[in-house]
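Text of the file my_file.tsv, holding TSV, C-alpha atoms:
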chain	number	residue	atom	x	y	z
A	1166	MET	CA	25.88	163.31	18.69
A	1167	LEU	CA	23.45	166.08	19.51
A	1168	TRP	CA	26.11	168.37	20.99
A	1169	PRO	CA	29.30	168.15	18.95
A	1170	ASP	CA	32.57	168.47	20.77
A	1171	ILE	CA	33.10	172.19	20.73
A	1172	ASP	CA	36.04	174.08	22.13
A	1173	PRO	CA	34.34	176.94	24.03
A	1174	ALA	CA	37.45	179.08	23.55
A	1175	ASN	CA	37.26	178.62	19.79
A	1176	ILE	CA	33.56	178.36	18.90
A	1177	SER	CA	32.42	179.60	15.51
A	1178	GLU	CA	29.25	181.56	14.83
A	1179	THR	CA	27.95	178.61	12.80
A	1180	GLN	CA	28.54	176.16	15.67
A	1181	LEU	CA	26.84	178.52	18.09
A	1182	ASP	CA	23.81	178.90	15.80
A	1183	GLU	CA	23.53	175.13	15.32
A	1184	ALA	CA	23.76	174.51	19.09
A	1185	ALA	CA	21.00	177.08	19.64
A	1186	ARG	CA	18.76	175.44	17.01
A	1187	ARG	CA	19.31	172.00	18.53
A	1188	GLY	CA	18.58	173.35	21.98
A	1189	GLU	CA	15.33	174.90	20.75
A	1190	ARG	CA	14.28	171.59	19.13
A	1191	MET	CA	15.02	169.72	22.35
A	1192	LEU	CA	13.05	172.19	24.47
A	1193	ALA	CA	10.09	171.97	22.07
A	1194	TRP	CA	10.17	168.18	22.25
A	1195	LEU	CA	10.43	168.21	26.06
A	1196	GLU	CA	7.37	170.43	26.23
A	1197	SER	CA	5.35	168.28	23.85
A	1198	ALA	CA	6.43	165.00	25.47
A	1199	GLN	CA	5.62	165.94	29.08
A	1200	GLU	CA	2.69	163.52	29.34
A	1201	GLU	CA	4.71	160.67	27.87
A	1202	LEU	CA	7.64	161.41	30.18
A	1203	ARG	CA	5.35	161.59	33.24
A	1204	ALA	CA	3.98	158.14	32.34
A	1205	VAL	CA	7.42	156.52	32.55
A	1206	THR	CA	7.78	153.96	35.32
A	1207	GLY	CA	10.57	151.60	36.23
A	1208	THR	CA	10.47	148.22	37.91
A	1209	GLY	CA	13.15	146.41	39.84
A	1210	GLU	CA	13.72	143.36	41.99
A	1211	GLY	CA	16.01	142.58	44.88
A	1212	PRO	CA	18.78	140.00	44.38
A	1213	SER	CA	16.62	137.16	45.72
A	1214	ARG	CA	13.70	138.24	43.50
A	1215	GLN	CA	11.48	138.27	46.59
A	1216	VAL	CA	11.01	142.07	46.57
A	1217	LYS	CA	9.57	143.97	43.59
A	1218	VAL	CA	9.36	147.76	43.37
A	1219	THR	CA	7.83	150.21	40.89
A	1220	VAL	CA	8.90	153.86	40.74
A	1221	ASP	CA	7.91	156.84	38.61
A	1222	ALA	CA	10.30	158.78	36.38
A	1223	ASP	CA	11.38	160.93	39.34
A	1224	GLY	CA	12.23	157.89	41.46
A	1225	ARG	CA	9.20	158.15	43.73
A	1226	VAL	CA	8.16	154.70	44.93
A	1227	LEU	CA	4.72	153.76	43.61
A	1228	ASP	CA	4.51	150.15	44.73
A	1229	VAL	CA	6.42	147.62	46.83
A	1230	ARG	CA	5.59	143.92	46.74
A	1231	TYR	CA	7.01	141.26	49.02
A	1232	ASP	CA	6.94	137.59	48.11
A	1233	ALA	CA	5.75	135.38	50.98
A	1234	ARG	CA	9.30	134.08	51.35
A	1235	ALA	CA	10.61	137.63	51.85
A	1236	LEU	CA	8.95	137.70	55.25
A	1237	ARG	CA	11.34	134.98	56.40
A	1238	LEU	CA	14.32	137.26	55.84
A	1239	GLY	CA	15.88	139.11	58.73
A	1240	SER	CA	15.21	142.84	58.95
A	1241	GLN	CA	18.67	143.78	57.61
A	1242	ASP	CA	18.36	141.40	54.66
A	1243	LEU	CA	14.83	142.60	53.90
A	1244	ALA	CA	16.00	146.22	54.01
A	1245	GLY	CA	18.89	145.39	51.68
A	1246	GLU	CA	16.57	143.58	49.26
A	1247	THR	CA	14.20	146.55	49.29
A	1248	LEU	CA	16.96	149.09	48.65
A	1249	ALA	CA	18.36	146.99	45.83
A	1250	ALA	CA	14.90	146.73	44.26
A	1251	VAL	CA	14.39	150.51	44.51
A	1252	ARG	CA	17.79	151.16	42.92
A	1253	ALA	CA	17.03	148.72	40.10
A	1254	ALA	CA	13.63	150.32	39.52
A	1255	CYS	CA	15.18	153.81	39.39
A	1256	ALA	CA	17.77	152.61	36.89
A	1257	ASP	CA	14.99	151.08	34.78
A	1258	ALA	CA	12.98	154.34	34.82
A	1259	GLU	CA	16.09	156.30	33.85
A	1260	ARG	CA	16.79	153.87	30.99
A	1261	ARG	CA	13.21	154.19	29.73
A	1262	THR	CA	13.40	157.98	29.87
A	1263	HIS	CA	16.69	157.92	27.96
A	1264	ASP	CA	15.14	155.58	25.38
A	1265	LEU	CA	12.36	158.12	24.75
A	1266	MET	CA	14.93	160.86	24.32
A	1267	ARG	CA	17.00	158.73	21.94
A	1268	GLU	CA	13.88	158.04	19.84
A	1269	ALA	CA	13.33	161.77	19.45
A	1270	PHE	CA	17.05	162.57	19.00
A	1271	PRO	CA	18.87	159.51	17.62
A	1272	ASP	CA	22.32	161.11	17.96
A	1273	TYR	CA	21.74	162.16	21.57
A	1274	ASP	CA	23.36	160.24	24.42
A	1275	PRO	CA	21.78	161.33	27.74
A	1276	ALA	CA	24.33	159.44	29.85
A	1277	ARG	CA	27.26	161.07	28.04
A	1278	THR	CA	25.62	164.47	28.34
A	1279	GLN	CA	25.12	163.98	32.09
A	1280	ALA	CA	28.72	162.86	32.54
A	1281	GLU	CA	29.98	165.88	30.60
A	1282	LEU	CA	27.80	168.23	32.64
A	1283	GLU	CA	29.09	166.73	35.88
A	1284	ARG	CA	32.66	167.07	34.59
A	1285	LEU	CA	32.11	170.72	33.69
A	1286	LEU	CA	30.57	171.41	37.09
A	1287	GLY	CA	33.49	169.69	38.81
A	1288	GLU	CA	31.34	166.88	40.24
A	1289	GLY	CA	32.87	163.99	38.34
As structure tokens, the full file:
Amino acid sequence: MLWPDIDPANISETQLDEAARRGERMLAWLESAQEELRAVTGTGEGPSRQVKVTVDADGRVLDVRYDARALRLGSQDLAGETLAAVRAACADAERRTHDLMREAFPDYDPARTQAELERLLGEG
């Protein structure tokens, strides 16, 4: 794991130095990988596969496509299909971003790091 389980009340100088070095490496990679990270997109479909959506890495919708059969859906169903497709596309973009990070840092788990951060901030 990139950030070992450290007891903040009992952290050693060595652990602190290693955490700082790892943080510096991650920041350097993030700076050098900006173009690659900006190019990440995600795609998703609604449950009926009649709605397809593409988003960028920040979740901004880039494209929405409706199958001809989607137009036969009621407005509520079409809205639900569209929301489901957007959510799936966002999850895909997040997965692709995490994959890039794992390639650069094989021991890093972005989902675990996010969960730990939310726990520490009292959000989880």
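Between CA of Leu1238 (chain A) and CA of Ala1253 (chain A) lies a distance of 19.7 Å.
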Would you compute the distance between CA of Glu1259 (chain A) and CA of Ala1280 (chain A)? Give it in Å to one decimal. 14.3 Å
What is the CA of Val1229 (chain A)-CA of Arg1267 (chain A) distance in Å, reported with one decimal? 29.2 Å
Across A:Leu1243, A:Ala1256, A:Ala1222, A:Ala1185, the smallest distance to Gln1199 (chain A), with only C-alpha atoms counted, is shown by A:Ala1222
List the residues sitting within 12 Å of (5.2, 138.4, 51.9) in the file's frame, using all atoms listed in the file, as a list in words. Arg1214, Gln1215, Val1216, Lys1217, Val1229, Arg1230, Tyr1231, Asp1232, Ala1233, Arg1234, Ala1235, Leu1236, Arg1237, Leu1238 and Leu1243 of chain A
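Every polymer residue reaching to within 10 Å of (5.3, 151.3, 43.0), counting only C-alpha atoms, appears in this list: Thr1206, Gly1207, Thr1208, Gly1209, Lys1217, Val1218, Thr1219, Val1220, Asp1221, Gly1224, Arg1225, Val1226, Leu1227, Asp1228, Val1229, Arg1230, Val1251 and Ala1254 of chain A.
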Take the residues that were just selected and, keeping C-alpha atoms, output them as an mmCIF file, keeping the file's coordinate frame.
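Output file again_24.cif follows:
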data_model
loop_
_atom_site.group_PDB
_atom_site.id
_atom_site.type_symbol
_atom_site.label_atom_id
_atom_site.label_comp_id
_atom_site.auth_asym_id
_atom_site.auth_seq_id
_atom_site.Cartn_x
_atom_site.Cartn_y
_atom_site.Cartn_z
ATOM 1 C CA THR A 1206 7.780 153.960 35.320
ATOM 2 C CA GLY A 1207 10.570 151.600 36.230
ATOM 3 C CA THR A 1208 10.470 148.220 37.910
ATOM 4 C CA GLY A 1209 13.150 146.410 39.840
ATOM 5 C CA LYS A 1217 9.570 143.970 43.590
ATOM 6 C CA VAL A 1218 9.360 147.760 43.370
ATOM 7 C CA THR A 1219 7.830 150.210 40.890
ATOM 8 C CA VAL A 1220 8.900 153.860 40.740
ATOM 9 C CA ASP A 1221 7.910 156.840 38.610
ATOM 10 C CA GLY A 1224 12.230 157.890 41.460
ATOM 11 C CA ARG A 1225 9.200 158.150 43.730
ATOM 12 C CA VAL A 1226 8.160 154.700 44.930
ATOM 13 C CA LEU A 1227 4.720 153.760 43.610
ATOM 14 C CA ASP A 1228 4.510 150.150 44.730
ATOM 15 C CA VAL A 1229 6.420 147.620 46.830
ATOM 16 C CA ARG A 1230 5.590 143.920 46.740
ATOM 17 C CA VAL A 1251 14.390 150.510 44.510
ATOM 18 C CA ALA A 1254 13.630 150.320 39.520
#
Edge lengths and centre, in Å to one decimal, as AutoDock Vina command-line options: that's what I need for the box along x, y and z that holds all listed atoms of region 1281-1285 of chain A plus 4 Å on each side.
--center_x 30.2 --center_y 168.3 --center_z 33.2 --size_x 12.9 --size_y 12.8 --size_z 13.3
Taking 5 positions as the minimum chain separation for residues in the same chain, which residues sit within 12 Å of Leu1192 (chain A) when counting only C-alpha atoms? Answer as an NGL selection string. :A and (1185-1187 or 1197-1199 or 1266 or 1269-1270)
Any idea what's packed within 7 Å of region 1246-1248 of chain A, counting all atoms listed in the file, ignoring anything in its chain fewer than 4 positions away? Could you give it as a VMD selection string? chain A and resid 1211 to 1212 1216 1242 1252
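Minimum distance to Glu1201 (chain A) across A:Asp1257, A:Asp1182, A:Asp1264, A:Glu1281 (counting all atoms listed in the file) occurs at A:Asp1264.
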Cys1255 (chain A) proximity check over A:Asp1223, A:Glu1183, A:Glu1196, A:Glu1189, using all atoms listed in the file: winner is A:Asp1223
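If you measure from each of A:Gly1287, A:Gln1180, A:Glu1210, A:Glu1268 to Ala1250 (chain A) using only C-alpha atoms, the closest one turns out to be A:Glu1210.
Distance check against Glu1200 (chain A) using only C-alpha atoms: of A:Gly1239, A:Gly1188, A:Leu1265, A:Asp1272, the minimum falls on A:Leu1265.
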